[in-house]
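This is input28.cif. It holds mmCIF, C-alpha atoms.
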```cif
data_coords
loop_
_atom_site.label_atom_id
_atom_site.label_comp_id
_atom_site.auth_asym_id
_atom_site.auth_seq_id
_atom_site.Cartn_x
_atom_site.Cartn_y
_atom_site.Cartn_z
CA MET W 1 0.00 0.00 0.00
CA ALA W 2 1.27 3.49 -0.87
CA VAL W 3 2.36 5.87 1.87
CA PRO W 4 -0.57 8.32 1.39
CA ALA W 5 -3.06 5.44 1.55
CA LEU W 6 -1.49 4.16 4.78
CA ALA W 7 -1.52 7.66 6.24
CA GLN W 8 -5.17 8.14 5.29
CA GLY W 9 -6.13 4.76 6.75
CA TYR W 10 -4.44 5.57 10.05
CA ARG W 11 -6.23 8.86 10.41
CA ALA W 12 -9.58 7.41 9.34
CA GLY W 13 -9.24 4.66 11.93
CA THR W 14 -9.45 1.95 9.26
CA PHE W 15 -6.29 0.30 10.57
CA THR W 16 -3.34 1.18 12.79
CA PRO W 17 0.46 1.06 12.59
CA LEU W 18 0.23 -2.08 14.73
CA ASP W 19 -1.96 -3.73 12.11
CA VAL W 20 0.37 -2.72 9.31
CA CYS W 21 3.53 -3.85 11.09
CA ARG W 22 2.00 -7.21 12.03
CA GLN W 23 1.15 -7.77 8.37
CA ALA W 24 4.62 -6.60 7.32
CA LEU W 25 6.29 -9.08 9.68
CA GLU W 26 4.04 -11.85 8.35
CA ARG W 27 5.04 -10.95 4.80
CA LEU W 28 8.69 -10.90 5.82
CA ARG W 29 8.38 -14.41 7.27
CA ALA W 30 6.72 -15.57 4.05
CA TRP W 31 9.62 -14.29 1.94
CA GLU W 32 12.60 -15.01 4.15
CA PRO W 33 15.07 -16.64 3.89
CA ARG W 34 14.29 -16.97 0.18
CA LEU W 35 15.15 -13.32 -0.46
CA ASN W 36 17.87 -12.92 2.17
CA ALA W 37 16.86 -9.26 2.32
CA PHE W 38 17.28 -8.66 6.07
CA ILE W 39 20.28 -9.08 8.34
CA ASP W 40 18.25 -8.09 11.42
CA PRO W 41 14.49 -7.52 11.00
CA MET W 42 14.26 -6.17 14.59
CA PRO W 43 10.76 -7.63 15.20
CA ASP W 44 10.51 -6.71 18.89
CA GLU W 45 11.70 -3.17 18.25
CA VAL W 46 9.34 -2.87 15.28
CA MET W 47 6.35 -3.80 17.41
CA ARG W 48 7.41 -1.44 20.20
CA GLN W 49 7.55 1.44 17.72
CA ALA W 50 4.24 0.41 16.17
CA GLU W 51 2.53 0.44 19.57
CA GLU W 52 3.93 3.90 20.25
CA ALA W 53 2.84 5.26 16.86
CA THR W 54 -0.63 3.77 17.32
CA ARG W 55 -1.00 5.47 20.73
CA GLU W 56 0.24 8.80 19.39
CA LEU W 57 -2.10 8.86 16.41
CA ALA W 58 -5.06 7.79 18.57
CA ALA W 59 -4.28 10.69 20.91
CA GLY W 60 -4.28 13.16 18.02
CA GLU W 61 -0.52 13.60 17.88
CA ASP W 62 0.31 13.84 14.20
CA LYS W 63 3.93 14.04 13.10
CA GLY W 64 3.19 14.14 9.38
CA PRO W 65 2.80 11.78 6.41
CA LEU W 66 5.47 9.30 7.57
CA HIS W 67 3.96 8.84 11.04
CA GLY W 68 3.57 5.08 11.55
CA ILE W 69 5.11 4.22 8.15
CA PRO W 70 7.61 1.30 8.18
CA VAL W 71 10.99 2.17 6.65
CA ALA W 72 13.77 -0.40 6.23
CA ILE W 73 17.39 0.68 6.84
CA LYS W 74 20.48 -0.54 4.97
CA ASP W 75 22.86 -2.14 7.47
CA ILE W 76 25.59 0.39 6.88
CA ILE W 77 23.48 3.07 8.59
CA ASP W 78 23.55 3.31 12.39
CA VAL W 79 20.43 2.74 14.45
CA ALA W 80 21.00 3.36 18.16
CA GLY W 81 21.12 0.15 20.18
CA ILE W 82 21.16 -2.09 17.08
CA ALA W 83 24.36 -3.69 15.81
CA THR W 84 25.64 -2.44 12.46
CA THR W 85 27.25 -5.39 10.66
CA TYR W 86 28.23 -3.74 7.33
CA ALA W 87 27.73 -7.31 5.99
CA THR W 88 31.35 -8.12 6.84
CA LYS W 89 33.40 -10.35 9.11
CA ALA W 90 36.25 -7.83 9.31
CA VAL W 91 34.74 -6.28 12.47
CA ALA W 92 32.53 -7.69 15.19
CA PRO W 93 29.00 -6.21 15.24
CA VAL W 94 28.62 -3.67 18.05
CA PRO W 95 25.35 -1.88 18.90
CA ALA W 96 25.46 1.68 17.57
CA ALA W 97 25.84 4.36 20.22
CA ARG W 98 23.57 6.80 18.41
CA ASP W 99 21.30 7.15 15.43
CA ALA W 100 22.60 8.30 12.08
CA SER W 101 21.26 11.75 11.19
CA CYS W 102 18.85 10.27 8.65
CA VAL W 103 17.52 7.78 11.19
CA ARG W 104 17.02 10.56 13.73
CA GLN W 105 15.06 12.53 11.12
CA LEU W 106 12.88 9.52 10.37
CA ARG W 107 12.12 9.10 14.07
CA GLN W 108 11.21 12.78 14.31
CA ALA W 109 8.81 12.27 11.40
CA GLY W 110 7.19 9.36 13.26
CA ALA W 111 8.45 6.63 10.91
CA ILE W 112 8.90 3.07 12.18
CA LEU W 113 12.42 1.70 11.65
CA PHE W 114 11.76 -1.72 10.17
CA GLY W 115 14.92 -3.79 10.34
CA LYS W 116 18.45 -3.65 8.94
CA THR W 117 18.75 -4.83 5.35
CA ASN W 118 21.39 -6.91 3.62
CA LEU W 119 24.03 -5.34 1.37
CA LEU W 120 27.24 -6.00 -0.46
CA GLU W 121 30.16 -5.94 2.00
CA PHE W 122 30.76 -2.34 3.14
CA ALA W 123 28.64 -1.34 0.09
CA TYR W 124 31.69 -2.20 -2.03
CA GLY W 125 30.48 -4.44 -4.82
CA ILE W 126 30.94 -7.95 -3.37
CA ALA W 127 28.56 -10.12 -1.35
CA HIS W 128 30.41 -11.55 1.64
CA PRO W 129 29.96 -15.35 1.68
CA ALA W 130 28.84 -15.22 5.32
CA PHE W 131 25.90 -12.94 4.42
CA GLY W 132 25.15 -13.98 0.85
CA GLN W 133 23.37 -12.38 -2.06
CA THR W 134 19.94 -10.77 -1.76
CA ASN W 135 17.54 -12.31 -4.26
CA ASN W 136 14.98 -10.58 -6.42
CA PRO W 137 11.26 -10.79 -5.52
CA CYS W 138 10.44 -10.69 -9.24
CA ASP W 139 12.49 -13.89 -9.72
CA PRO W 140 14.28 -15.23 -6.64
CA SER W 141 16.76 -17.09 -8.86
CA ARG W 142 18.22 -13.68 -9.75
CA THR W 143 19.93 -10.94 -7.80
CA ALA W 144 18.20 -7.92 -6.31
CA GLY W 145 21.36 -5.96 -7.13
CA GLY W 146 23.81 -4.08 -5.01
CA SER W 147 24.86 -2.69 -2.94
CA SER W 148 21.42 -1.69 -1.58
CA GLY W 149 19.78 -4.93 -2.70
CA GLY W 150 18.23 -5.77 0.66
CA SER W 151 16.45 -2.43 0.80
CA ALA W 152 15.21 -2.77 -2.78
CA ALA W 153 13.97 -6.33 -2.22
CA ALA W 154 12.16 -5.35 0.99
CA VAL W 155 10.20 -2.69 -0.92
CA ALA W 156 9.61 -4.77 -4.05
CA ALA W 157 8.33 -7.72 -1.99
CA GLY W 158 5.75 -5.46 -0.32
CA ILE W 159 7.27 -5.85 3.12
CA VAL W 160 7.78 -2.10 3.56
CA PRO W 161 6.76 0.87 1.40
CA LEU W 162 10.08 2.71 1.85
CA ALA W 163 13.73 1.95 2.54
CA LEU W 164 17.03 3.77 2.83
CA GLY W 165 20.13 2.81 0.87
CA THR W 166 23.37 4.38 -0.26
CA ASP W 167 24.58 5.14 -3.78
CA THR W 168 28.24 5.67 -4.71
CA GLY W 169 28.22 4.22 -8.22
CA GLY W 170 24.60 3.23 -8.74
CA SER W 171 23.89 1.24 -5.57
CA VAL W 172 20.32 2.54 -5.17
CA ARG W 173 19.29 2.88 -8.81
CA ALA W 174 20.58 -0.46 -10.12
CA PRO W 175 18.67 -2.50 -7.48
CA ALA W 176 15.59 -0.33 -8.07
CA ALA W 177 15.75 -1.12 -11.80
CA TYR W 178 16.26 -4.84 -11.21
CA CYS W 179 13.37 -5.01 -8.74
CA GLY W 180 10.88 -2.77 -10.57
CA ILE W 181 10.63 0.04 -8.02
CA VAL W 182 11.67 3.70 -7.75
CA GLY W 183 15.15 4.56 -6.50
CA LEU W 184 16.43 8.10 -5.91
CA LYS W 185 20.02 9.26 -5.61
CA PRO W 186 19.62 12.89 -4.51
CA SER W 187 21.97 15.78 -5.24
CA TYR W 188 25.37 15.33 -3.65
CA GLY W 189 25.36 16.70 -0.12
CA LEU W 190 21.60 17.20 0.10
CA LEU W 191 21.10 14.43 2.67
CA ALA W 192 23.34 14.06 5.72
CA LEU W 193 25.70 11.08 5.86
CA ASP W 194 26.58 11.35 9.56
CA GLY W 195 26.33 7.83 10.97
CA VAL W 196 26.58 6.21 7.52
CA TYR W 197 29.81 4.24 7.00
CA PRO W 198 31.71 5.85 4.10
CA LEU W 199 32.89 4.16 0.93
CA SER W 200 34.12 7.02 -1.26
CA PRO W 201 33.39 10.33 0.48
CA SER W 202 33.40 12.50 -2.64
CA LEU W 203 30.93 10.17 -4.38
CA ASP W 204 28.73 8.81 -1.54
CA HIS W 205 25.02 9.65 -1.41
CA LEU W 206 22.20 8.56 0.87
CA GLY W 207 19.35 7.23 -1.26
CA ILE W 208 15.65 6.38 -1.00
CA LEU W 209 13.78 3.39 -2.43
CA GLY W 210 9.99 3.26 -2.71
CA ARG W 211 7.09 1.98 -4.75
CA SER W 212 6.34 5.35 -6.36
CA ALA W 213 7.92 8.74 -6.93
CA GLU W 214 5.24 10.22 -4.63
CA ASP W 215 6.31 7.95 -1.75
CA VAL W 216 9.98 8.77 -2.36
CA ALA W 217 9.19 12.49 -2.42
CA LEU W 218 7.48 12.23 0.98
CA ALA W 219 10.56 10.54 2.41
CA LEU W 220 12.85 13.13 0.84
CA ALA W 221 10.81 15.92 2.44
CA ALA W 222 11.28 14.30 5.87
CA LEU W 223 15.03 13.91 5.36
CA SER W 224 15.55 17.31 3.77
CA PRO W 225 12.86 19.70 5.02
CA SER W 226 13.57 22.22 2.26
CA PRO W 227 14.60 20.28 -0.86
CA SER W 228 15.17 22.72 -3.70
CA GLY W 229 13.38 22.76 -7.01
CA GLY W 230 10.66 24.57 -8.87
CA ALA W 231 7.55 23.83 -10.88
CA VAL W 232 7.47 21.29 -13.68
CA PRO W 233 7.24 22.93 -17.12
CA GLN W 234 4.02 22.40 -19.06
CA ARG W 235 5.96 20.93 -21.99
CA PRO W 236 8.97 19.11 -20.54
CA ARG W 237 12.14 18.84 -22.58
CA LEU W 238 14.05 15.59 -22.17
CA GLY W 239 17.48 14.66 -23.45
CA LEU W 240 17.88 11.01 -24.46
CA VAL W 241 21.52 10.11 -23.86
CA ARG W 242 22.28 8.54 -27.22
CA ASN W 243 25.65 6.94 -26.43
CA GLN W 244 24.12 5.18 -23.41
CA TRP W 245 20.87 4.32 -25.19
CA GLU W 246 22.65 2.90 -28.28
CA HIS W 247 25.51 1.22 -26.43
CA PRO W 248 26.03 -2.40 -27.55
CA ALA W 249 25.82 -3.59 -23.92
CA VAL W 250 22.11 -2.63 -23.79
CA GLN W 251 20.05 -5.82 -24.09
CA PRO W 252 17.29 -5.91 -26.74
CA GLU W 253 14.53 -6.26 -24.12
CA VAL W 254 15.80 -3.18 -22.28
CA HIS W 255 16.10 -1.23 -25.53
CA ALA W 256 12.57 -2.22 -26.58
CA ALA W 257 10.99 -1.27 -23.26
CA ILE W 258 12.64 2.15 -23.16
CA GLU W 259 11.98 2.82 -26.84
CA ALA W 260 8.28 2.12 -26.22
CA ALA W 261 8.31 4.43 -23.18
CA ALA W 262 9.98 7.20 -25.21
CA ASP W 263 7.34 6.80 -27.94
CA ARG W 264 4.56 7.17 -25.37
CA LEU W 265 6.21 10.30 -23.98
CA ARG W 266 6.46 11.82 -27.47
CA GLU W 267 2.81 11.00 -28.20
CA ALA W 268 1.89 12.84 -25.00
CA GLY W 269 3.68 15.96 -26.23
CA VAL W 270 7.00 15.59 -24.40
CA GLU W 271 9.90 16.96 -26.43
CA ILE W 272 12.81 14.49 -26.62
CA ALA W 273 16.15 15.44 -28.16
CA GLU W 274 19.11 13.11 -28.54
CA ILE W 275 22.33 14.18 -26.85
CA ASP W 276 25.69 12.63 -26.05
CA LEU W 277 27.63 12.64 -22.82
CA ALA W 278 31.22 11.49 -22.47
CA ALA W 279 31.76 7.82 -23.35
CA PRO W 280 30.25 5.59 -20.65
CA GLU W 281 33.49 3.61 -20.38
CA ALA W 282 35.49 6.79 -19.80
CA MET W 283 33.12 7.92 -17.08
CA ALA W 284 33.21 4.49 -15.44
CA ALA W 285 37.01 4.46 -15.47
CA THR W 286 37.15 7.96 -13.99
CA LEU W 287 34.70 7.05 -11.25
CA LEU W 288 36.80 4.03 -10.29
CA ASP W 289 39.98 6.13 -10.27
CA ILE W 290 38.26 8.18 -7.54
CA LEU W 291 36.38 5.43 -5.74
CA LEU W 292 39.20 2.87 -5.43
CA PRO W 293 41.76 5.08 -3.66
CA GLU W 294 39.17 6.82 -1.48
CA ALA W 295 37.79 3.45 -0.35
CA ALA W 296 41.30 2.15 0.25
CA ARG W 297 42.01 5.13 2.48
CA VAL W 298 38.78 4.52 4.44
CA HIS W 299 39.69 0.86 4.98
CA ALA W 300 43.49 1.00 5.24
CA ASP W 301 43.82 0.66 9.02
CA MET W 302 41.08 -1.96 9.35
CA PHE W 303 42.47 -3.87 6.39
CA ASP W 304 45.88 -4.07 8.06
CA ARG W 305 44.31 -5.50 11.22
CA ALA W 306 41.59 -7.76 9.83
CA GLN W 307 42.31 -8.60 6.20
CA ALA W 308 41.12 -12.19 6.64
CA GLY W 309 37.63 -11.00 7.58
CA TYR W 310 37.00 -9.38 4.19
CA ALA W 311 35.50 -11.24 1.26
CA PRO W 312 38.27 -12.06 -1.26
CA GLY W 313 36.77 -9.77 -3.90
CA THR W 314 36.49 -6.83 -1.50
CA ALA W 315 40.08 -7.38 -0.38
CA ALA W 316 41.22 -7.34 -4.01
CA GLN W 317 39.45 -4.01 -4.59
CA ILE W 318 41.09 -2.49 -1.52
CA ARG W 319 44.52 -3.66 -2.71
CA ALA W 320 43.83 -2.13 -6.12
CA GLY W 321 42.99 1.19 -4.49
CA LEU W 322 46.13 1.13 -2.36
CA SER W 323 48.28 0.68 -5.46
CA LEU W 324 46.56 3.22 -7.73
CA PRO W 325 48.94 6.11 -8.57
CA ALA W 326 48.12 9.46 -7.00
CA ALA W 327 48.47 11.12 -10.41
CA ARG W 328 45.55 9.09 -11.74
CA TYR W 329 43.39 10.13 -8.80
CA ARG W 330 44.24 13.82 -9.33
CA ALA W 331 43.52 13.55 -13.06
CA ALA W 332 40.19 11.88 -12.32
CA LYS W 333 39.19 14.65 -9.91
CA GLU W 334 40.01 17.27 -12.54
CA GLN W 335 37.99 15.39 -15.12
CA GLN W 336 35.12 15.16 -12.64
CA GLN W 337 35.05 18.96 -12.40
CA ARG W 338 35.03 19.35 -16.20
CA TRP W 339 32.19 16.90 -16.68
CA THR W 340 30.20 18.53 -13.89
CA ALA W 341 30.46 21.89 -15.65
CA GLU W 342 29.48 20.30 -18.98
CA LEU W 343 26.42 18.65 -17.47
CA ASP W 344 25.38 21.92 -15.83
CA GLY W 345 25.44 23.48 -19.31
CA ILE W 346 23.28 20.73 -20.80
CA PHE W 347 20.51 21.53 -18.32
CA ALA W 348 20.17 24.94 -19.90
CA GLN W 349 18.73 23.06 -22.89
CA VAL W 350 16.72 20.24 -21.29
CA ASP W 351 14.82 19.67 -18.04
CA ALA W 352 16.13 16.14 -17.51
CA LEU W 353 18.20 13.44 -19.16
CA ILE W 354 16.84 9.95 -19.75
CA ALA W 355 18.74 6.72 -20.36
CA PRO W 356 18.55 3.04 -19.42
CA THR W 357 19.23 2.75 -15.71
CA VAL W 358 21.22 -0.42 -16.34
CA PRO W 359 21.81 -2.09 -19.73
CA PHE W 360 20.26 -5.40 -18.74
CA VAL W 361 17.58 -6.95 -16.57
CA ALA W 362 18.49 -8.56 -13.25
CA PRO W 363 21.28 -11.11 -13.75
CA ASP W 364 21.73 -14.29 -11.75
CA THR W 365 24.44 -12.74 -9.57
CA ASP W 366 25.79 -9.26 -8.94
CA PRO W 367 28.23 -8.29 -11.70
CA ALA W 368 31.80 -7.71 -10.55
CA LEU W 369 32.84 -4.07 -10.26
CA SER W 370 34.22 -3.17 -13.68
CA ALA W 371 35.11 -0.21 -15.86
CA GLU W 372 34.85 -2.22 -19.07
CA GLY W 373 31.31 -1.16 -19.96
CA ASP W 374 29.77 -4.50 -19.00
CA ASP W 375 28.07 -3.75 -15.68
CA GLU W 376 25.65 -1.36 -14.03
CA ILE W 377 28.26 1.42 -13.86
CA LEU W 378 27.78 1.84 -17.62
CA THR W 379 24.85 4.27 -17.46
CA LEU W 380 24.96 5.40 -13.84
CA THR W 381 28.27 7.18 -13.37
CA HIS W 382 27.43 10.59 -14.83
CA ALA W 383 25.13 11.28 -11.88
CA ASN W 384 27.61 10.15 -9.20
CA LEU W 385 30.53 11.99 -10.77
CA THR W 386 28.62 15.25 -11.11
CA GLY W 387 26.44 15.03 -7.99
CA ALA W 388 23.26 15.48 -10.05
CA PRO W 389 20.02 13.98 -8.70
CA SER W 390 18.99 10.84 -10.52
CA VAL W 391 16.03 8.49 -10.18
CA SER W 392 15.23 5.08 -11.67
CA VAL W 393 11.60 4.43 -12.59
CA PRO W 394 10.13 1.14 -13.85
CA CYS W 395 8.91 0.87 -17.44
CA ARG W 396 6.15 -1.34 -18.78
CA THR W 397 7.62 -4.58 -20.06
CA GLU W 398 6.42 -7.53 -22.10
CA GLY W 399 8.68 -9.91 -20.20
CA ARG W 400 8.69 -11.02 -16.59
CA LEU W 401 11.68 -8.96 -15.40
CA PRO W 402 11.63 -5.19 -14.77
CA VAL W 403 13.41 -2.54 -16.82
CA GLY W 404 14.40 0.80 -15.33
CA LEU W 405 14.42 4.21 -17.03
CA GLN W 406 16.72 6.72 -15.38
CA PHE W 407 15.90 10.44 -15.13
CA THR W 408 18.74 12.82 -14.19
CA GLY W 409 18.17 16.48 -13.37
CA PRO W 410 20.24 19.56 -12.54
CA ARG W 411 22.07 19.73 -9.25
CA GLY W 412 19.76 21.03 -6.53
CA GLY W 413 16.66 20.31 -8.57
CA ASP W 414 15.58 17.23 -6.63
CA SER W 415 11.98 18.25 -5.98
CA SER W 416 11.48 19.35 -9.58
CA LEU W 417 12.93 16.07 -10.84
CA LEU W 418 10.61 14.00 -8.65
CA ALA W 419 7.63 16.15 -9.66
CA LEU W 420 8.53 15.60 -13.33
CA VAL W 421 8.80 11.84 -12.76
CA ARG W 422 5.46 11.81 -10.94
CA GLN W 423 3.89 13.59 -13.91
CA LEU W 424 5.39 11.26 -16.53
CA ALA W 425 5.35 7.92 -14.66
CA PRO W 426 1.84 6.92 -15.88
CA LEU W 427 3.17 7.05 -19.44
CA LEU W 428 6.16 4.83 -18.81
#
```
Output the file's structure as structure tokens, nothing else.
Amino acid sequence: MAVPALAQGYRAGTFTPLDVCRQALERLRAWEPRLNAFIDPMPDEVMRQAEEATRELAAGEDKGPLHGIPVAIKDIIDVAGIATTYATKAVAPVPAARDASCVRQLRQAGAILFGKTNLLEFAYGIAHPAFGQTNNPCDPSRTAGGSSGGSAAAVAAGIVPLALGTDTGGSVRAPAAYCGIVGLKPSYGLLALDGVYPLSPSLDHLGILGRSAEDVALALAALSPSPSGGAVPQRPRLGLVRNQWEHPAVQPEVHAAIEAAADRLREAGVEIAEIDLAAPEAMAATLLDILLPEAARVHADMFDRAQAGYAPGTAAQIRAGLSLPAARYRAAKEQQQRWTAELDGIFAQVDALIAPTVPFVAPDTDPALSAEGDDEILTLTHANLTGAPSVSVPCRTEGRLPVGLQFTGPRGGDSSLLALVRQLAPLL
């Protein structure tokens, strides 16, 4: 059920947060461990919060549209009193001393923190064998994606309407596309990352996953009380990123679904112009030249002490970052600035860019982190490199697996981007 419908039902007395959370826990038990979406579902704490929200709403205390709404939390984000595992064996889980800023804001909005979700180890592109892959509710033989796959699966399975994730190179939008839901990576710096374990500080974003752009917008408003943005133009202008759209890595079923969506948008009067960004492979390589050394610096001390606790693939990525020449990192940062300025200029011509979120439907397993143009980084990196807000929205498909269409807007235009997506989503 959508967030506004839950909120209306609470206030009409049709049902209560206790009712909703009981049903959510039942649905979780029906899906788990098939999905492997949750590391700690926190059932006792969920029911305690639900009882509190039910009492508050019955007494006329109304904290807003998220009051009593269950929200799942990626297990790289601190929740006071709950162990943060980071999906690793490099450190022992220790209960967090305090809430992350985003968690504190959710509590203030009356939301119910519904469990800690599974992720790729330290959000770094590899599933630790001790925690395993999160599977896709649309086809549990396939991955839900990473690194925020647990959060995406929890929403797509109907366990919760909203979840928090993180996005450094596509880790919210790729799982959203695979699972057929909406995933927002906001403008860089818009949402606080205090209490969120870093991966690559100059690329990290907190992200939101939900069943609709409206639900995601409500969560964004709670996490950023004054998100910037203006009205949606009457005749939107979209830029179809040609060298992502026509890239040979894009599977025919993805191409067909997005081509059909673009045709429906044109028929509805939306202006679509074809544009090119820098080559996807060049952007992916530049992102990794920033991400790898920054992540290595974050992990250097822990890696020295507890190397054996890391998954082999994660350890290999950290070693690669430790050996990457400083000159390559500096060159990548300079290129990042140039591409950011170029993208800013493009938004003088169009209101948003559109492209495939990922070039394929959900694979069996999470693709290895790569700059070769054969994984989800292919069409996602322009938004992480430039800090522009970007959201994946599901398209209609003829097949059984979802396809995501990605909208990217100008930096700081998060509310306008979500309003545009809300307006156009029925056509997709």
Just give me the residues with any atom within 9 Å of (16.9, -0.6, 15.4), file coordinates, counting only C-alpha atoms, written as a list of chain:residue names.
-> W:Asp40, W:Pro41, W:Met42, W:Glu45, W:Val46, W:Ile73, W:Asp78, W:Val79, W:Ala80, W:Gly81, W:Ile82, W:Ala83, W:Asp99, W:Leu113, W:Phe114, W:Gly115, W:Lys116
Using only C-alpha atoms, the shortest atom-to-atom distance to Val216 of chain W among W:Ala92, W:Ala50, W:Leu418, W:Ala327 belongs to W:Leu418
Residues within 7 Å of His67 of chain W, all atoms listed in the file, excluding chain neighbours under 2 positions, as a PyMOL selection string = chain W and resi 53+62-65+69+109-111
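Applying the 6 Å criterion to (11.9, 20.8, -18.1) in file coordinates and using only C-alpha atoms, one obtains the residues W:Pro233, W:Pro236, W:Arg237, W:Val350, W:Asp351.
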From W:Ile77, W:Ala268, W:Val182, W:Ala176, residue lying nearest Cys102 of chain W [all atoms listed in the file] =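 Distance minimum relative to Cys102 of chain W lands on W:Ile77.
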The PyMOL selection byres ((chain W and resi 396) around 9) applied to the shown file, residues as JSON, numbers by chain = {"W": [257, 258, 260, 261, 394, 395, 397, 398, 402, 403, 427, 428]}
Which of W:Arg173, W:Lys333, W:Arg235, W:Arg22 sits closest to Gly207 of chain W [using all atoms listed in the file] = W:Arg173
Using atom CA of Leu265 of chain W and atom CA of Phe407 of chain W as the two end points, give the distance in Å to one decimal.
-> 13.1 Å
Hits of the PyMOL selection byres ((chain W and resi 313-321) around 10) in this structure, as a PyMOL selection string = chain W and resi 88+120-128+288-300+303+307-312+322-325+329+368-369
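Take the PyMOL selection byres ((chain W and resi 421) around 10) and apply it to this file: it picks Val182, Ser212, Ala213, Glu214, Val232, Ala352, Val391, Ser392, Val393, Gln406, Phe407, Ser415, Ser416, Leu417, Leu418, Ala419, Leu420, Arg422, Gln423, Leu424, Ala425, Pro426, Leu427 and Leu428 of chain W.
Shell of Ile272 of chain W at 10 Å, with all atoms listed in the file counted and residues fewer than 2 places along the chain excluded, is Pro236, Arg237, Leu238, Gly239, Leu240, Ala262, Asp263, Leu265, Arg266, Gly269, Val270, Glu274, Ile275, Val350, Ala352, Leu353 and Ile354 of chain W.
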Atom CA of Ala306 of chain W to atom CA of His205 of chain W: how many Å, to one decimal?
->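 For atom CA of Ala306 of chain W relative to atom CA of His205 of chain W, the distance reads 26.5 Å.
Nearest to Ala97 of chain W of all the residues W:Thr166, W:Thr117, W:Thr134, W:Thr84 is W:Thr84, based on all atoms listed in the file.
The residue that comes closest to Asp364 of chain W, out of W:His382, W:Arg11, W:His255, W:Arg142 and on the basis of all atoms listed in the file, is W:Arg142.
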Give the answer as one residue: which of W:Val3, W:Val103, W:Trp245, W:Val254 has the shortest atom-to-atom distance to Pro161 of chain W, using only C-alpha atoms?
-> W:Val3
So how many Å separate atom CA of Pro280 of chain W and atom CA of Ile181 of chain W, to one decimal?
->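 Interatomic distance, atom CA of Pro280 of chain W to atom CA of Ile181 of chain W: 24.0 Å.
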Near Leu18 of chain W, within 9 Å and counting only C-alpha atoms, which residues show up once chain neighbours fewer than 3 positions away are dropped, as a ChimeraX atom specification?
-> /W:15,21-23,47,49-54,68
Can you tell me, as number ranges by chain, what residues are no more than 10 Å from Lys185 of chain W when counting all atoms listed in the file, ignoring any on the same chain fewer than 6 positions away?
-> W: 165-173, 191, 204-209, 383-384, 387-392, 408, 414
I want to know what sits within 8 Å of Thr85 of chain W, based on all atoms listed in the file, with residues of the same chain fewer than 4 positions away left out; could you give that as a compact mmCIF listing (two decimals) with C-alpha atoms, keeping the file's coordinate frame?
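Done, and the output landed in out19.txt:
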```
# COMPACT_ATOMS: atom_id res chain seq x y z
CA ASP W 75 22.86 -2.14 7.47
CA ILE W 76 25.59 0.39 6.88
CA VAL W 91 34.74 -6.28 12.47
CA ALA W 92 32.53 -7.69 15.19
CA PRO W 93 29.00 -6.21 15.24
CA VAL W 94 28.62 -3.67 18.05
```
